[in-house]
Every structure is written in C-alpha cells, then in structure tokens.
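Read through the structure below, which is laid out as structure tokens, and then see the notes.
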Amino acid sequence: MNETFKRKDLLGIRELSAGEITHILDTAESFRDISRREIKKVPALRGRTVINLFFEPSTRTRTSFEIAAKRLSADAINVSASTSSVTKGETLLDTARNLEAMSPDCIVIRHSSAGAPHQLARVCRAGIINAGDGAHEHPTQALLDALTIRERKGRISGLKVAIIGDILHSRVARSNIHLLTKLGATVSLAGPGTLMRNEFSELVEEGVIVERRIEDAIDEADVVMILRIQRERQDAAFFPSMREYAVHYGLNLKRLERAASEAIVMHPGPMNRGIEIASDVADGTRSLILDQVSNGLAVRMAVLYLLAGGSHTAEGNEGVQRKTEESRTN
C-alpha cells in the first residue's frame with residue numbers, strides 16, 4: 001500500500017489509488033509533530049516557490065497552504081482574484097502562463113468553475129494542486145478528514161461514515177465519498193431530496209447508501225460528517241427556510257445519540273451554527289472540528305513535499321523523518 005507518489009499534480013481523489021492515498025496520509029503523519037515544536041520549520045523545500053491562486057474566499061485552506069509552504073522553507077506567494085489581472089479581463093490560462101514564466105514549483109488553485117485546475121495542469125510545468133473547483137472536488141479536505149478519522153479510530157476500513165447536508169453542491173462530499181469507499185468504509189448520505197446527487201444512489205455496490213432521513217443515516221455511524229448549506233452556490237429555493245432545514249436535518253445531541261457510542265463529529269467549515277449543527281455538538285467532546293484544521297496543515301505539507309520535492313518523486317517517510325531529525329540538530 002505504501003507506493004511512491006509519482007504524480008505531477010493533485011487534481012482530485014477519484015483518480016488516486018488506495019495506495020497513493022495511504023502514502024499521502026503516512027507522509028502527513030511524519031510532518032504532524034513539526035507544528036508542535038518550538039521551531040516549526042524544516043528545510044525540505046528550501047529554494048522552492050509555491051503560488052496560492054485563489055478566486056474564491058477561503059480562510060482555512062489558503063492559510064494552511066501558506067503556512068505549510070513556509071514550514072517546509074518554501075517561498076509562498078498569495079494571489080487573489082481581486083488583485084490579479086483577471087479584473088482587467090485576463091483569462092485564467094493567460095494568468096497561469098504568466099505565473100508559469102516565473103518558474104514556480106507548485107500552483108495551488110481554488111476556482112468556482114469545475115475543471116479549472118485540470119486546465120492549468122495541461123499548460124503548466126509546475127505541479128497543480130486543486131484547492132477546490134466549483135462543486136467538483138476538494139482533495140486535500142478529504143485527505144485531512146481521512147487523517148483525522150484514522151488518527152482517532154486507528155483505521156478507515158470497516159467504518160460507517162454518515163455525510164449529512166448539502167450533498168448537491170458539496171465538493172467535500174464528492175472527494176470524501178471517493179476516498180472513504182476506496183479505503184473500505186461504508187458511506188451513508190442524507191439530506192433534502194433537492195440537495196442530493198442522483199449519481200451517488202447508483203454506487204451501492206461501492207459502499208454508498210442514500211437515506212431519506214438523517215436518523216437512518218446516523219444510526220450506528222462511527223463518524224458523522226456535517227456539511228455546510230452552501231447558499232453562495234444555490235440559485236433556487238431547495239428547501240422552505242433555514243429554520244425548517246435545522247428542524248429536519250440539523251445535527252443536535254438527540255440525533256447524535258443514534259450514532260455509535262464512540263462516534264466522532266466532523267465539519268469542514270465554515271459552520272452555520274444552529275442550522276446544520278447545534279453549538280453544543282460542535283463544541284462537544286465528540287467534535288474533532290479543530291483537529292481537522294490541525295491535520296489540514298500536515299496534509300498540505302505532505303502534498304507540497306510530494307509534488308515539489310525531488311523532481312516530483314517522494315523520498316518516502318524515511319526521507320521526511322531524516323530531514324526532520326536534521327533540522328532538530330542544526
């Protein structure tokens with residue numbers, strides 16, 4: 001399972017093998033302790049350049065990619081849509097070609113259009129990392145979710161993971177479904193019928209179950225993952241009101257009682273408290289929401305390292321650990 005990661009880009013989870021996913025997670029574990037040290041830096045990517053190209057608002061993803069690059073000793077440059085030449089009419093591909101001319105090693109892109117990272121990957125020599133493209137995929141979010149689950153549960157295979165909420169517009173749901181089923185978990189989906197993807201009901205043989213009621217999806221689940229209502233992507237009334245959504249699909253303590261006794265609660269953020277998740281659940285002892293944020297940094301360090309280090313080949317966990325030990329003695 002611990003195969004070398006030889007890809008130039010990370011565009012989605014769907015095209016990755018279970019072995020490649022596991023290799024990224026193992027590499028992330030090797031970086032996790034760096035953030036707990038007094039000096040939070042290793043020289044793994046010294047001299048490399050990472051450009052964060054974000055066309056959508058972001059707090060966690062953009063910040064963690066920037067910090068991840070700096071903790072690996074890479075130079076991190078942030079470019080937002082509002083400060084780029086896109087506001088003057090420049091196309092995305094022209095923007096990418098101009099950035100490519102400056103010889104970056106990785107370009108991290110978030111865009112509202114599905115497939116935007118794939119377009120860049122076809123014209124750029126730099127490694128392209130998908131930080132979320134429309135409602136398509138968000139691979140590093142799924143990876144950090146998997147790392148969080150594996151850290152707490154010790155495994156992913158054989159677990160039941162309930163994903164609740166706005167499935168239709170969620171790139172997080174799509175990436176998590178691909179990842180969790182590849183690693184042997186059963187995924188139970190629930191949400192308003194207007195916010196469900198029809199394609200997932202056809203994946204029963206791959207471990208996906210679509211439920212009508214949130215209670216049925218949560219029943220004996222080991223992990224309960226709540227999704228945000230993405231009002232910015234909705235151009236129609238998919239349910240009568242936010243209050244009604246909270247009544248029928250919000251996660252509260254009573255509904256959480258239906259899950260397994262050691263079940264954990266996750267949310268990719270940002271949260272709409274009191275709508276998709278109650279505050280006493282979000283802040284409760286079962287919540288691993290802040291652990292997800294911490295693990296996001298380790299995962300993004302691993303992805304940058306694997307794509308930008310050693311001409312797009314991984315040195316493996318031994319290489320990461322060796323560099324970590326060298327930095328401690330220097």
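Chain labels run A, B, ... following the order of the structure tokens; each chain numbers its residues from 1, and ligands are numbered from 1 in the order shown.
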Original post:
Contacts of stretch 245-255 of chain A at 10 Å or less, counting only C-alpha atoms, minus same-chain residues fewer than 2 places along, as a ChimeraX atom specification?
Top reply: /A:164-166,190-192,213-216,218-219,224-227,229,238-243,257-259,265,273-282,284
Subject >> Polymer residues at most 12 Å from A:Asn130, only C-alpha atoms, same-chain spacing of 6 or more positions, as a ChimeraX atom specification >> reply: /A:9-13,52-54,61-62,65,106-121,136-142,171,175,300,303-304
Residues as selected, N, CA, C and O atoms, written as a compact mmCIF listing (two decimals), in the first residue's frame, can you do that?
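The result, stored in result_26.txt:
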```txt
# COMPACT_ATOMS: atom_id res chain seq x y z
N ASP A 9 0.61 16.37 -10.44
CA ASP A 9 -0.46 17.20 -9.91
C ASP A 9 -1.34 16.42 -8.94
O ASP A 9 -1.38 15.19 -8.97
N LEU A 10 -2.07 17.16 -8.10
CA LEU A 10 -3.13 16.58 -7.29
C LEU A 10 -4.42 17.30 -7.69
O LEU A 10 -4.70 18.40 -7.21
N LEU A 11 -5.18 16.68 -8.58
CA LEU A 11 -6.38 17.31 -9.12
C LEU A 11 -7.66 16.79 -8.48
O LEU A 11 -8.69 17.46 -8.52
N GLY A 12 -7.62 15.59 -7.94
CA GLY A 12 -8.80 15.02 -7.31
C GLY A 12 -8.48 13.69 -6.66
O GLY A 12 -7.40 13.13 -6.86
N ILE A 13 -9.43 13.20 -5.90
CA ILE A 13 -9.27 11.90 -5.24
C ILE A 13 -9.66 10.76 -6.18
O ILE A 13 -9.11 9.66 -6.10
N ASN A 52 -0.18 30.51 -4.30
CA ASN A 52 -1.58 30.26 -3.96
C ASN A 52 -2.46 31.19 -4.79
O ASN A 52 -2.43 32.40 -4.61
N LEU A 53 -3.22 30.60 -5.71
CA LEU A 53 -4.05 31.36 -6.64
C LEU A 53 -5.51 31.10 -6.29
O LEU A 53 -6.09 30.08 -6.67
N PHE A 54 -6.12 32.02 -5.55
CA PHE A 54 -7.47 31.81 -5.01
C PHE A 54 -8.47 32.78 -5.63
O PHE A 54 -8.33 34.00 -5.47
N THR A 61 -8.20 26.86 4.14
CA THR A 61 -7.40 26.24 3.07
C THR A 61 -6.25 27.14 2.64
O THR A 61 -5.10 26.70 2.56
N ARG A 62 -6.55 28.39 2.36
CA ARG A 62 -5.49 29.30 1.90
C ARG A 62 -4.43 29.50 2.96
O ARG A 62 -3.22 29.44 2.68
N PHE A 65 -2.25 26.30 3.43
CA PHE A 65 -1.29 26.09 2.34
C PHE A 65 -0.11 27.06 2.47
O PHE A 65 1.04 26.68 2.24
N CYS A 106 5.02 24.86 -7.51
CA CYS A 106 3.63 24.42 -7.34
C CYS A 106 2.70 25.62 -7.44
O CYS A 106 3.04 26.72 -6.98
N ILE A 107 1.54 25.40 -8.03
CA ILE A 107 0.47 26.39 -8.03
C ILE A 107 -0.75 25.76 -7.39
O ILE A 107 -1.23 24.72 -7.84
N VAL A 108 -1.21 26.36 -6.30
CA VAL A 108 -2.41 25.90 -5.61
C VAL A 108 -3.55 26.77 -6.07
O VAL A 108 -3.50 27.99 -5.95
N ILE A 109 -4.61 26.17 -6.62
CA ILE A 109 -5.69 26.96 -7.18
C ILE A 109 -7.04 26.59 -6.59
O ILE A 109 -7.36 25.40 -6.45
N ARG A 110 -7.82 27.61 -6.24
CA ARG A 110 -9.24 27.44 -5.91
C ARG A 110 -10.03 28.29 -6.88
O ARG A 110 -9.73 29.47 -7.08
N HIS A 111 -11.05 27.67 -7.49
CA HIS A 111 -11.83 28.37 -8.52
C HIS A 111 -13.27 27.91 -8.46
O HIS A 111 -13.56 26.77 -8.09
N SER A 112 -14.19 28.79 -8.84
CA SER A 112 -15.62 28.46 -8.80
C SER A 112 -16.04 27.54 -9.94
O SER A 112 -17.12 26.94 -9.87
N SER A 113 -15.19 27.38 -10.95
CA SER A 113 -15.54 26.53 -12.10
C SER A 113 -14.91 25.15 -11.97
O SER A 113 -13.68 25.04 -11.78
N ALA A 114 -15.71 24.12 -12.09
CA ALA A 114 -15.20 22.75 -12.06
C ALA A 114 -14.26 22.54 -13.25
O ALA A 114 -14.57 22.96 -14.37
N GLY A 115 -13.13 21.93 -13.01
CA GLY A 115 -12.18 21.64 -14.07
C GLY A 115 -11.10 22.69 -14.26
O GLY A 115 -10.17 22.47 -15.06
N ALA A 116 -11.17 23.82 -13.54
CA ALA A 116 -10.15 24.86 -13.70
C ALA A 116 -8.74 24.34 -13.40
O ALA A 116 -7.80 24.62 -14.16
N PRO A 117 -8.53 23.57 -12.32
CA PRO A 117 -7.17 23.05 -12.07
C PRO A 117 -6.68 22.13 -13.19
O PRO A 117 -5.48 22.11 -13.50
N HIS A 118 -7.60 21.38 -13.78
CA HIS A 118 -7.22 20.47 -14.86
C HIS A 118 -6.73 21.26 -16.08
O HIS A 118 -5.80 20.83 -16.78
N GLN A 119 -7.34 22.42 -16.34
CA GLN A 119 -6.89 23.27 -17.44
C GLN A 119 -5.47 23.74 -17.20
O GLN A 119 -4.63 23.72 -18.10
N LEU A 120 -5.19 24.16 -15.97
CA LEU A 120 -3.84 24.63 -15.66
C LEU A 120 -2.82 23.51 -15.77
O LEU A 120 -1.70 23.72 -16.24
N ALA A 121 -3.21 22.31 -15.35
CA ALA A 121 -2.28 21.18 -15.37
C ALA A 121 -1.82 20.85 -16.78
O ALA A 121 -0.71 20.35 -16.99
N HIS A 136 -17.04 20.29 -7.72
CA HIS A 136 -16.43 19.06 -8.24
C HIS A 136 -15.66 18.30 -7.16
O HIS A 136 -16.13 17.28 -6.68
N GLU A 137 -14.47 18.81 -6.78
CA GLU A 137 -13.66 18.10 -5.78
C GLU A 137 -12.89 19.07 -4.88
O GLU A 137 -12.66 20.23 -5.24
N HIS A 138 -12.49 18.56 -3.74
CA HIS A 138 -11.63 19.28 -2.79
C HIS A 138 -10.74 18.21 -2.15
O HIS A 138 -10.94 17.80 -1.01
N PRO A 139 -9.72 17.74 -2.89
CA PRO A 139 -8.96 16.56 -2.45
C PRO A 139 -8.25 16.70 -1.11
O PRO A 139 -8.23 15.75 -0.33
N THR A 140 -7.64 17.86 -0.83
CA THR A 140 -6.91 17.95 0.44
C THR A 140 -7.85 17.96 1.64
O THR A 140 -7.46 17.53 2.73
N GLN A 141 -9.10 18.41 1.46
CA GLN A 141 -10.06 18.33 2.55
C GLN A 141 -10.39 16.88 2.87
O GLN A 141 -10.45 16.48 4.04
N ALA A 142 -10.61 16.07 1.84
CA ALA A 142 -10.89 14.65 2.06
C ALA A 142 -9.69 13.96 2.72
O ALA A 142 -9.85 13.10 3.58
N ARG A 171 -18.29 19.87 -2.91
CA ARG A 171 -17.09 19.22 -3.44
C ARG A 171 -16.44 18.37 -2.35
O ARG A 171 -15.76 17.38 -2.64
N SER A 175 -15.33 14.32 -2.86
CA SER A 175 -13.97 13.82 -2.60
C SER A 175 -13.96 12.81 -1.46
O SER A 175 -13.26 11.80 -1.53
N ARG A 300 -1.35 19.25 3.91
CA ARG A 300 -0.91 20.16 2.86
C ARG A 300 0.61 20.25 2.81
O ARG A 300 1.19 20.42 1.73
N VAL A 303 1.46 17.09 0.79
CA VAL A 303 1.16 17.22 -0.64
C VAL A 303 2.20 18.10 -1.32
O VAL A 303 2.72 17.77 -2.40
N LEU A 304 2.53 19.25 -0.70
CA LEU A 304 3.55 20.12 -1.29
C LEU A 304 4.89 19.40 -1.37
O LEU A 304 5.60 19.50 -2.38
```
**OP:** Enter the distance from atom CA of A:Ala185 to atom CA of A:Lys160, in Å, rounded to one decimal.
**Re:**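 So the answer is 6.0 Å.
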**OP:** Give the answer as one residue: which of A:Asp145, A:Glu244, A:Glu262, A:Glu66 has the shortest atom-to-atom distance to A:Ile289, using only C-alpha atoms?
**Re:** A:Asp145
